[in-house]
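What follows is a single structure, written as structure tokens, with notes after it.
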Amino acid sequence: MEQTNGTERRVLAIDIGGTHVKIRASAGGPERKADSGRTMTATEMVAAVKTMAEGLDYDVIAIGYPGPVVHDKPIAEPANLGPGWVGFDYGQAFGCPVRIINDALMQALGSYQGGRMLFLGLGTGLGAAMVVENVAQPMEIAHLPFRKGKTYEHYVAEAYREKHGNKDWRKRVFDIVEKLTAALEPDYVVIGGGNVEHLDELPPKCRRGDNTLAFEGGFRLWKDESLVI
């Protein structure tokens, strides 16, 4: 375990989404959230988090970022937020150590129960990650071509479900899970994200995720020394 002055480090986990920024502290207390949206900058996110986190005890921060991350740094601006996220100094802004990973990977870490796990997040788009024997890997599956010149994300995104209805959308989800399972050979698949609630049944080898597990993933990012990120 990571420690500070002989005690376990207290983690503030931040889950950044296109609608809300949510936080929770490992030291205890309920989830707190603030509106985000297409104009929110990194500076505004930090200000919102600091306001929400008043009264909370934490030593370090874990951030789940809605985009690709390499070595704790976002390498592309988020699709559903404002500008200024790449190149921003998060540690300096918060005044404490910060670790950043892709948001799907953070929820995957919180969902992981050993072995080979594939995580798929069904939300506005498609998030994906794998954890294989404690080695965590974000995956940019969403924008790979799938069929008829369209991407995997196109067929399971919120916009497709709203346009074509739940029945067609569920069929696409099952099809994509089947293909990815055959290709990646996971022991099990966790389907998370807000739209998992629209699946009455799950494909084989799948179980439901929970968005709140993103916070557990953030805590684990600092506390679980067996993980390789």
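Convention: chains lettered A, B, ... in structure tokens order; per-chain residue numbering from 1; ligands numbered from 1 as shown.
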
Skip stretch 52-67 of chain A itself and residues of its chain fewer than 5 positions away, then list as number ranges by chain all residues within 8 Å of it, counting only C-alpha atoms.
A: 9-17, 23, 25-27, 32-34, 74-79, 96-106, 214, 218-219, 221-222

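In this comparison, which uses only C-alpha atoms, the residue of A:Leu180, A:Ala47, A:Leu227, A:Val21 approaching A:Asn134 most closely is A:Leu227.
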
What are the closest atom pairs, with distances in Å to one decimal, for each residue of stretch 24-130 of chain A lying within 6 Å of stretch 136-158 of chain A, using only C-alpha atoms, rows by chain and rising residue number, as JSON lines?
{"residue": "A:Leu105", "atom": "CA", "partner": "A:Pro138", "partner_atom": "CA", "distance": 5.6}
{"residue": "A:Thr124", "atom": "CA", "partner": "A:Glu158", "partner_atom": "CA", "distance": 4.9}
{"residue": "A:Gly125", "atom": "CA", "partner": "A:Ala157", "partner_atom": "CA", "distance": 4.6}
{"residue": "A:Leu126", "atom": "CA", "partner": "A:Glu153", "partner_atom": "CA", "distance": 5.2}
{"residue": "A:Ala128", "atom": "CA", "partner": "A:Met139", "partner_atom": "CA", "distance": 5.3}
{"residue": "A:Ala129", "atom": "CA", "partner": "A:Pro138", "partner_atom": "CA", "distance": 4.3}
{"residue": "A:Met130", "atom": "CA", "partner": "A:Gln137", "partner_atom": "CA", "distance": 5.3}

Those same residues - all heavy atoms - I'd like them written as an mmCIF file, in the first residue's frame.
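Saved result, selection.cif, follows:
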data_model
loop_
_atom_site.group_PDB
_atom_site.id
_atom_site.type_symbol
_atom_site.label_atom_id
_atom_site.label_comp_id
_atom_site.auth_asym_id
_atom_site.auth_seq_id
_atom_site.Cartn_x
_atom_site.Cartn_y
_atom_site.Cartn_z
ATOM 1 N N LEU A 105 -10.986 2.695 -18.079
ATOM 2 C CA LEU A 105 -10.016 1.875 -17.352
ATOM 3 C C LEU A 105 -10.204 2.027 -15.846
ATOM 4 O O LEU A 105 -10.048 1.061 -15.092
ATOM 5 C CB LEU A 105 -8.592 2.252 -17.754
ATOM 6 C CG LEU A 105 -7.479 1.418 -17.121
ATOM 7 C CD1 LEU A 105 -7.651 -0.060 -17.429
ATOM 8 C CD2 LEU A 105 -6.112 1.892 -17.590
ATOM 9 N N THR A 124 -22.663 7.492 -23.678
ATOM 10 C CA THR A 124 -22.790 8.341 -24.864
ATOM 11 C C THR A 124 -22.062 7.696 -26.031
ATOM 12 O O THR A 124 -22.528 7.700 -27.167
ATOM 13 C CB THR A 124 -22.200 9.730 -24.584
ATOM 14 O OG1 THR A 124 -22.851 10.287 -23.443
ATOM 15 C CG2 THR A 124 -22.398 10.650 -25.777
ATOM 16 N N GLY A 125 -20.921 7.100 -25.746
ATOM 17 C CA GLY A 125 -20.147 6.350 -26.730
ATOM 18 C C GLY A 125 -19.822 4.968 -26.199
ATOM 19 O O GLY A 125 -20.621 4.366 -25.486
ATOM 20 N N LEU A 126 -18.636 4.470 -26.534
ATOM 21 C CA LEU A 126 -18.187 3.152 -26.094
ATOM 22 C C LEU A 126 -16.804 3.266 -25.477
ATOM 23 O O LEU A 126 -15.858 3.703 -26.138
ATOM 24 C CB LEU A 126 -18.146 2.181 -27.280
ATOM 25 C CG LEU A 126 -17.515 0.809 -27.023
ATOM 26 C CD1 LEU A 126 -18.339 0.013 -26.016
ATOM 27 C CD2 LEU A 126 -17.357 0.040 -28.328
ATOM 28 N N ALA A 128 -13.673 1.087 -23.470
ATOM 29 C CA ALA A 128 -13.208 -0.301 -23.398
ATOM 30 C C ALA A 128 -11.848 -0.365 -22.706
ATOM 31 O O ALA A 128 -11.028 0.547 -22.825
ATOM 32 C CB ALA A 128 -13.105 -0.907 -24.791
ATOM 33 N N ALA A 129 -11.634 -1.462 -21.985
ATOM 34 C CA ALA A 129 -10.363 -1.702 -21.320
ATOM 35 C C ALA A 129 -10.258 -3.182 -21.019
ATOM 36 O O ALA A 129 -11.259 -3.885 -20.941
ATOM 37 C CB ALA A 129 -10.251 -0.892 -20.034
ATOM 38 N N MET A 130 -9.022 -3.655 -20.849
ATOM 39 C CA MET A 130 -8.790 -5.022 -20.385
ATOM 40 C C MET A 130 -7.863 -4.995 -19.184
ATOM 41 O O MET A 130 -6.980 -4.128 -19.093
ATOM 42 C CB MET A 130 -8.167 -5.897 -21.475
ATOM 43 C CG MET A 130 -9.160 -6.422 -22.495
ATOM 44 S SD MET A 130 -8.533 -7.871 -23.407
ATOM 45 C CE MET A 130 -8.857 -9.205 -22.213
#

For the alpha helix (DSSP H) assignment from backbone DSSP, which residues of chain A qualify? Please present them as a PyMOL selection string.
chain A and resi 42-52+90-94+103-111+152-156+158-164+166-184+213-223

Of the candidates A:Val86, A:Val132, A:Met40, A:Leu199, which shows the shortest atom-to-atom distance to A:Tyr112, using only C-alpha atoms?
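Comparing A:Val86, A:Val132, A:Met40, A:Leu199 against A:Tyr112, the winner is A:Val132.
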
List the neighbours of A:Arg38 out to 10 Å using only C-alpha atoms; skip same-chain residues closer than 5 positions along the sequence, and give me the result as a PyMOL selection string.
chain A and resi 18-19+78-83

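Reported to one decimal place, the separation of atom CA of A:Val69 from atom CA of A:Tyr188 is 24.7 Å.
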
Atom CA of A:Ala48 to atom CA of A:Gly192, straight-line distance in Å:
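Between atom CA of A:Gly192 and atom CA of A:Ala48 the gap is 25.5 Å.
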
Extract the full set of strand (DSSP E) residues from stretch 94-213 of chain A according to DSSP on the backbone, and format it as an MDAnalysis selection string.
chainID A and resid 98:102 116:122 126:132 135:138 145:147 150:151 188:192 206:208

Keeping only C-alpha atoms, take the residues you just selected and write them out as a PDB file, in the first residue's frame.
ATOM      1  CA  VAL A  98      -2.294  13.223  -9.180  1.00  0.00           C
ATOM      2  CA  ARG A  99      -2.614  10.038 -11.245  1.00  0.00           C
ATOM      3  CA  ILE A 100      -4.726  10.091 -14.426  1.00  0.00           C
ATOM      4  CA  ILE A 101      -6.087   7.175 -16.451  1.00  0.00           C
ATOM      5  CA  ASN A 102      -8.799   6.716 -19.039  1.00  0.00           C
ATOM      6  CA  ARG A 116      -8.651 -11.907 -17.813  1.00  0.00           C
ATOM      7  CA  MET A 117     -11.405  -9.286 -17.821  1.00  0.00           C
ATOM      8  CA  LEU A 118     -12.788  -7.243 -20.709  1.00  0.00           C
ATOM      9  CA  PHE A 119     -14.649  -4.091 -19.684  1.00  0.00           C
ATOM     10  CA  LEU A 120     -17.092  -2.348 -22.032  1.00  0.00           C
ATOM     11  CA  GLY A 121     -18.740   0.930 -21.039  1.00  0.00           C
ATOM     12  CA  LEU A 122     -22.006   1.700 -22.801  1.00  0.00           C
ATOM     13  CA  LEU A 126     -18.187   3.152 -26.094  1.00  0.00           C
ATOM     14  CA  GLY A 127     -15.389   2.793 -23.554  1.00  0.00           C
ATOM     15  CA  ALA A 128     -13.208  -0.301 -23.398  1.00  0.00           C
ATOM     16  CA  ALA A 129     -10.363  -1.702 -21.320  1.00  0.00           C
ATOM     17  CA  MET A 130      -8.790  -5.022 -20.385  1.00  0.00           C
ATOM     18  CA  VAL A 131      -7.148  -6.178 -17.196  1.00  0.00           C
ATOM     19  CA  VAL A 132      -5.125  -9.378 -17.603  1.00  0.00           C
ATOM     20  CA  VAL A 135      -1.962  -5.718 -15.934  1.00  0.00           C
ATOM     21  CA  ALA A 136      -4.338  -2.930 -16.987  1.00  0.00           C
ATOM     22  CA  GLN A 137      -4.647  -1.725 -20.563  1.00  0.00           C
ATOM     23  CA  PRO A 138      -6.987   0.937 -21.976  1.00  0.00           C
ATOM     24  CA  PRO A 145     -14.368  -0.066 -38.287  1.00  0.00           C
ATOM     25  CA  PHE A 146     -17.088  -2.623 -37.588  1.00  0.00           C
ATOM     26  CA  ARG A 147     -19.576  -2.916 -40.472  1.00  0.00           C
ATOM     27  CA  LYS A 150     -19.281   2.466 -39.419  1.00  0.00           C
ATOM     28  CA  THR A 151     -17.418   2.019 -36.143  1.00  0.00           C
ATOM     29  CA  TYR A 188     -15.426 -12.716 -18.268  1.00  0.00           C
ATOM     30  CA  VAL A 189     -16.853  -9.433 -19.534  1.00  0.00           C
ATOM     31  CA  VAL A 190     -18.126  -6.554 -17.415  1.00  0.00           C
ATOM     32  CA  ILE A 191     -20.618  -4.252 -19.134  1.00  0.00           C
ATOM     33  CA  GLY A 192     -20.872  -0.886 -17.434  1.00  0.00           C
ATOM     34  CA  CYS A 206     -21.026 -11.076 -18.953  1.00  0.00           C
ATOM     35  CA  ARG A 207     -21.997  -9.377 -15.722  1.00  0.00           C
ATOM     36  CA  ARG A 208     -23.275  -5.897 -15.020  1.00  0.00           C
TER      37      ARG A 208
END
